[in-house]
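The file work_30.csv comes next; it holds CSV, C-alpha atoms.
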chain,number,residue,atom,x,y,z
H,29,MET,CA,112.0,55.3,185.1
H,30,PRO,CA,113.8,52.6,187.1
H,31,LYS,CA,115.4,53.5,190.4
H,32,GLU,CA,117.9,51.7,192.5
H,33,ILE,CA,119.9,52.3,195.7
H,34,ILE,CA,123.7,52.6,195.3
H,35,LEU,CA,125.8,53.3,198.4
H,36,GLY,CA,122.7,54.5,200.2
H,37,TYR,CA,121.6,56.9,197.5
H,38,GLU,CA,118.6,56.6,195.2
H,39,VAL,CA,119.7,56.6,191.6
H,40,GLU,CA,117.2,57.1,188.8
H,41,ARG,CA,118.0,55.5,185.5
H,42,LYS,CA,117.0,57.9,182.6
H,43,LYS,CA,117.7,58.6,179.0
H,44,VAL,CA,120.5,61.0,179.8
H,45,LYS,CA,124.1,61.1,178.5
H,46,ASN,CA,125.8,61.9,181.9
H,47,ILE,CA,125.5,61.2,185.6
H,48,ASN,CA,123.6,64.1,187.2
H,49,LEU,CA,124.1,64.9,190.9
H,50,ARG,CA,122.0,67.5,192.7
H,51,VAL,CA,122.0,68.5,196.3
H,52,TYR,CA,118.7,70.2,197.2
H,53,SER,CA,118.2,72.8,199.9
H,54,ASP,CA,116.5,70.2,202.2
H,55,ARG,CA,119.9,68.3,201.9
H,56,LYS,CA,118.2,65.6,199.7
H,57,ILE,CA,120.5,64.1,197.1
H,58,TYR,CA,119.3,63.4,193.6
H,59,ILE,CA,121.3,61.3,191.2
H,60,SER,CA,120.3,60.3,187.7
H,61,ALA,CA,122.4,58.2,185.4
H,62,PRO,CA,122.2,56.7,181.9
H,63,MET,CA,120.1,53.6,181.6
H,64,ASN,CA,122.9,51.3,180.4
H,65,LEU,CA,125.7,52.6,182.7
H,66,ASP,CA,127.4,50.0,184.9
H,67,SER,CA,126.5,50.3,188.6
H,68,GLY,CA,130.2,50.0,189.5
H,69,TYR,CA,130.9,53.2,187.5
H,70,ILE,CA,128.1,55.0,189.4
H,71,GLU,CA,129.5,53.8,192.7
H,72,ASN,CA,132.9,55.2,191.9
H,73,PHE,CA,131.4,58.5,190.8
H,74,ILE,CA,129.4,58.7,194.1
H,75,ARG,CA,132.6,57.9,196.1
H,76,SER,CA,134.5,60.6,194.3
H,77,LYS,CA,131.8,63.2,195.1
H,78,LYS,CA,131.3,62.1,198.7
H,79,SER,CA,133.4,64.9,200.3
H,80,TRP,CA,131.8,67.5,197.9
H,81,ILE,CA,128.3,66.3,198.9
H,82,GLU,CA,129.2,66.6,202.6
H,83,GLU,CA,130.7,70.1,202.1
H,84,ILE,CA,127.5,71.3,200.3
H,85,GLN,CA,125.3,69.8,203.0
H,86,GLN,CA,127.4,71.6,205.7
H,87,LYS,CA,127.0,74.9,203.8
H,88,LEU,CA,123.2,74.3,203.5
H,89,ASP,CA,123.0,73.7,207.3
H,90,LYS,CA,124.5,77.2,207.8
H,91,ILE,CA,121.8,78.9,205.6
H,92,PRO,CA,119.2,80.5,207.8
H,93,LYS,CA,115.9,78.7,207.8
H,94,ALA,CA,113.1,80.7,206.3
H,95,GLU,CA,110.8,82.1,208.9
H,96,VAL,CA,107.6,84.0,208.5
H,97,LEU,CA,108.5,87.7,209.0
H,98,GLN,CA,106.1,90.2,210.4
H,99,TYR,CA,108.5,93.1,209.7
H,100,ILE,CA,108.5,94.4,213.3
H,101,THR,CA,111.3,95.9,215.4
H,102,GLY,CA,113.6,93.2,216.8
H,103,GLU,CA,113.2,90.7,214.1
H,104,LYS,CA,116.4,89.4,212.5
H,105,LEU,CA,117.1,89.8,208.8
H,106,TYR,CA,120.1,88.7,206.7
H,107,TYR,CA,122.1,90.7,204.3
H,108,LEU,CA,125.4,89.3,202.8
H,109,GLY,CA,125.5,86.6,205.4
H,110,VAL,CA,125.3,89.0,208.3
H,111,ILE,CA,122.4,89.1,210.7
H,112,TYR,CA,120.8,92.6,211.3
H,113,GLU,CA,118.2,93.5,213.8
H,114,LEU,CA,115.3,95.2,212.2
H,115,GLU,CA,114.2,98.6,213.5
H,116,VAL,CA,111.0,100.0,212.1
H,117,ALA,CA,110.1,103.7,212.3
H,118,LEU,CA,107.4,105.8,210.8
H,119,SER,CA,108.7,108.5,208.4
H,120,ASN,CA,107.7,110.7,205.5
H,121,GLU,CA,109.5,108.3,203.1
H,122,ASN,CA,109.8,104.5,202.5
H,123,ARG,CA,113.4,103.2,202.6
H,124,VAL,CA,115.8,100.8,204.1
H,125,PHE,CA,119.4,101.4,205.2
H,126,LEU,CA,122.0,99.8,207.5
H,127,HIS,CA,123.2,101.7,210.5
H,128,GLU,CA,125.4,100.5,213.4
H,129,GLY,CA,124.6,96.8,213.0
H,130,LYS,CA,120.8,97.4,212.4
H,131,MET,CA,118.6,97.4,209.4
H,132,ILE,CA,116.5,100.5,209.6
H,133,LEU,CA,113.1,100.3,207.9
H,134,LYS,CA,111.4,103.7,207.5
H,135,VAL,CA,107.8,103.6,206.2
H,136,LYS,CA,105.0,106.1,205.7
H,137,GLU,CA,102.4,103.6,207.1
H,138,ASP,CA,102.8,100.8,209.5
H,139,THR,CA,101.3,98.0,207.3
H,140,PHE,CA,102.6,94.6,206.7
H,141,GLU,CA,102.4,94.8,202.9
H,142,LEU,CA,104.1,98.1,202.7
H,143,LYS,CA,107.0,97.0,205.0
H,144,LYS,CA,107.4,93.7,203.1
H,145,ASN,CA,107.4,95.5,199.7
H,146,VAL,CA,109.9,98.1,200.8
H,147,VAL,CA,112.3,95.5,202.2
H,148,SER,CA,111.9,93.3,199.1
H,149,ARG,CA,112.6,96.2,196.8
H,150,TRP,CA,115.7,97.1,198.8
H,151,TYR,CA,117.0,93.5,198.5
H,152,PHE,CA,116.3,93.6,194.8
H,153,GLU,CA,118.1,97.0,194.2
H,154,LYS,CA,121.1,95.8,196.2
H,155,SER,CA,121.2,92.5,194.3
H,156,LYS,CA,121.1,94.4,190.9
H,157,VAL,CA,124.3,96.3,191.8
H,158,LEU,CA,126.2,93.5,193.6
H,159,PHE,CA,125.3,90.7,191.2
H,160,LYS,CA,126.4,92.7,188.2
H,161,GLU,CA,129.7,93.6,189.8
H,162,LEU,CA,130.4,90.0,190.8
H,163,MET,CA,129.4,88.6,187.5
H,164,GLU,CA,131.7,91.0,185.7
H,165,LYS,CA,134.5,90.1,188.0
H,166,TYR,CA,134.1,86.3,187.6
H,167,LEU,CA,133.3,86.4,183.9
H,168,LYS,CA,136.5,88.4,183.3
H,169,ARG,CA,138.5,85.9,185.4
H,170,MET,CA,137.1,83.0,183.4
H,171,ASN,CA,137.3,84.8,180.1
H,172,GLU,CA,133.6,84.3,179.4
H,173,GLU,CA,130.7,86.5,178.3
H,174,ILE,CA,127.0,86.5,178.8
H,175,ASP,CA,124.2,88.1,176.9
H,176,HIS,CA,121.7,88.3,179.6
H,177,LEU,CA,121.7,88.4,183.4
H,178,THR,CA,118.4,88.3,185.2
H,179,LYS,CA,117.7,88.7,188.9
H,180,LYS,CA,114.4,87.6,190.4
H,181,LYS,CA,113.0,85.9,193.4
H,182,MET,CA,112.6,82.2,192.9
H,183,LYS,CA,111.1,79.6,195.2
H,184,SER,CA,112.5,76.4,193.6
H,185,SER,CA,116.1,77.2,192.8
H,186,CYS,CA,119.1,79.3,193.7
H,187,SER,CA,120.0,80.1,190.1
H,188,PHE,CA,120.4,78.7,186.7
H,189,CYS,CA,122.4,79.1,183.6
H,190,LYS,CA,121.8,78.4,179.9
H,191,LYS,CA,125.3,78.3,178.6
H,192,LYS,CA,124.5,78.0,174.9
H,193,LYS,CA,122.2,81.1,175.1
H,194,LYS,CA,124.7,82.9,177.4
H,195,TYR,CA,121.9,83.4,179.9
H,196,ILE,CA,122.2,83.5,183.7
H,197,ASN,CA,119.4,83.9,186.2
H,198,LEU,CA,120.2,84.6,189.8
H,199,ASN,CA,117.8,84.4,192.7
H,200,VAL,CA,117.6,87.7,194.6
H,201,GLU,CA,117.5,85.7,197.9
H,202,LEU,CA,121.2,84.9,197.4
H,203,ILE,CA,121.9,88.5,198.6
H,204,LYS,CA,121.0,87.4,202.1
H,205,THR,CA,123.8,84.7,202.2
H,206,TRP,CA,127.0,86.1,200.8
H,207,TYR,CA,129.1,82.9,200.9
H,208,PHE,CA,126.5,80.9,199.1
H,209,PHE,CA,126.3,83.4,196.3
H,210,SER,CA,130.1,83.3,195.8
H,211,PHE,CA,129.8,79.5,195.7
H,212,ILE,CA,127.0,79.5,193.1
H,213,ILE,CA,129.0,81.8,190.8
H,214,LEU,CA,132.1,79.6,190.9
Written as structure tokens, that's how I'd like the structure from this file.
Amino acid sequence: MPKEIILGYEVERKKVKNINLRVYSDRKIYISAPMNLDSGYIENFIRSKKSWIEEIQQKLDKIPKAEVLQYITGEKLYYLGVIYELEVALSNENRVFLHEGKMILKVKEDTFELKKNVVSRWYFEKSKVLFKELMEKYLKRMNEEIDHLTKKKMKSSCSFCKKKKKYINLNVELIKTWYFFSFIIL
């Protein structure tokens, strides 16, 4: 498909009906536009979205960069946009809880895989409850309904929606950054 530079942005001409604008997590901007659409119209569209693009990029800059966790005491983990210091302790049960500004990880064995799985399961369980509550709240506000809400860990996207099928899929990783989750829902 042909590509051109308009106002410093690469625009891909495709067989689409509308102009599509995406801001990726690496701050890259993707724009696709109908093959026969006038370049002046695309310029006006980009100008009208300039402040929105900058706002999204600023929000992306605030998102913590993914680091390789070892799940050891002292590491920093995020939950609802708040940084918690991890405290790992051996116990007769596997669980995670928050206490006095710390994320407490209790495990039966001090193995990387077990600690990773316990923390991942905790994030997933928290997201099930919170995402459901927030979706109900926003759907009621917008007078909408959905048939299916899925929560799973995704590498390539934050979330996606199939409006005609009334299907919403949310990335469990959003539970770490509260403000971004609220933005995705709206």
Between H:Ile111, H:Val135, H:Val200, H:Val96, which has the minimum distance to Thr178 (chain H) (counting all atoms listed in the file)?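 Smallest distance to Thr178 (chain H) is found for H:Val200.
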Which polymer residues have any atom within 7 Å of an atom of region 59-62 of chain H, counting only C-alpha atoms, with same-chain residues fewer than 3 positions away left out, as a compact mmCIF listing (two decimals) with C-alpha atoms, in the coordinates of the input?
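File written: selection20.txt
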# COMPACT_ATOMS: atom_id res chain seq x y z
CA GLU H 38 118.60 56.60 195.20
CA VAL H 39 119.70 56.60 191.60
CA GLU H 40 117.20 57.10 188.80
CA ARG H 41 118.00 55.50 185.50
CA LYS H 42 117.00 57.90 182.60
CA LYS H 43 117.70 58.60 179.00
CA VAL H 44 120.50 61.00 179.80
CA LYS H 45 124.10 61.10 178.50
CA ASN H 46 125.80 61.90 181.90
CA ILE H 47 125.50 61.20 185.60
CA ASN H 48 123.60 64.10 187.20
CA LEU H 49 124.10 64.90 190.90
CA ARG H 50 122.00 67.50 192.70
CA LEU H 65 125.70 52.60 182.70
Set the distance at 12 Å and use only C-alpha atoms: which residues neighbour Glu172 (chain H) once local chain neighbours fewer than 5 positions away are removed? I'd like the list as a list in words.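 Neighbouring residues, sequence-local ones excluded: Met163, Glu164, Lys165, Tyr166, Leu167, Lys191, Lys192, Lys194 and Tyr195 of chain H.
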In Å, rounded to a single decimal, give me how far CA of Ile84 (chain H) is from CA of Tyr37 (chain H). 15.8 Å
What is the CA of Lys134 (chain H)-CA of Tyr106 (chain H) distance in Å, reported with one decimal? 17.4 Å
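For the pair CA of Phe159 (chain H) and CA of Asn197 (chain H), the interatomic distance is 10.3 Å.
Comparing H:Leu35, H:Leu97, H:Ile91, H:Leu202 by their smallest distance to Ile74 (chain H), the closest is H:Leu35 (using all atoms listed in the file).
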Between H:Arg55, H:Lys136, H:Lys130, H:Arg169, single out the one closest to Tyr107 (chain H), counting all atoms listed in the file. H:Lys130
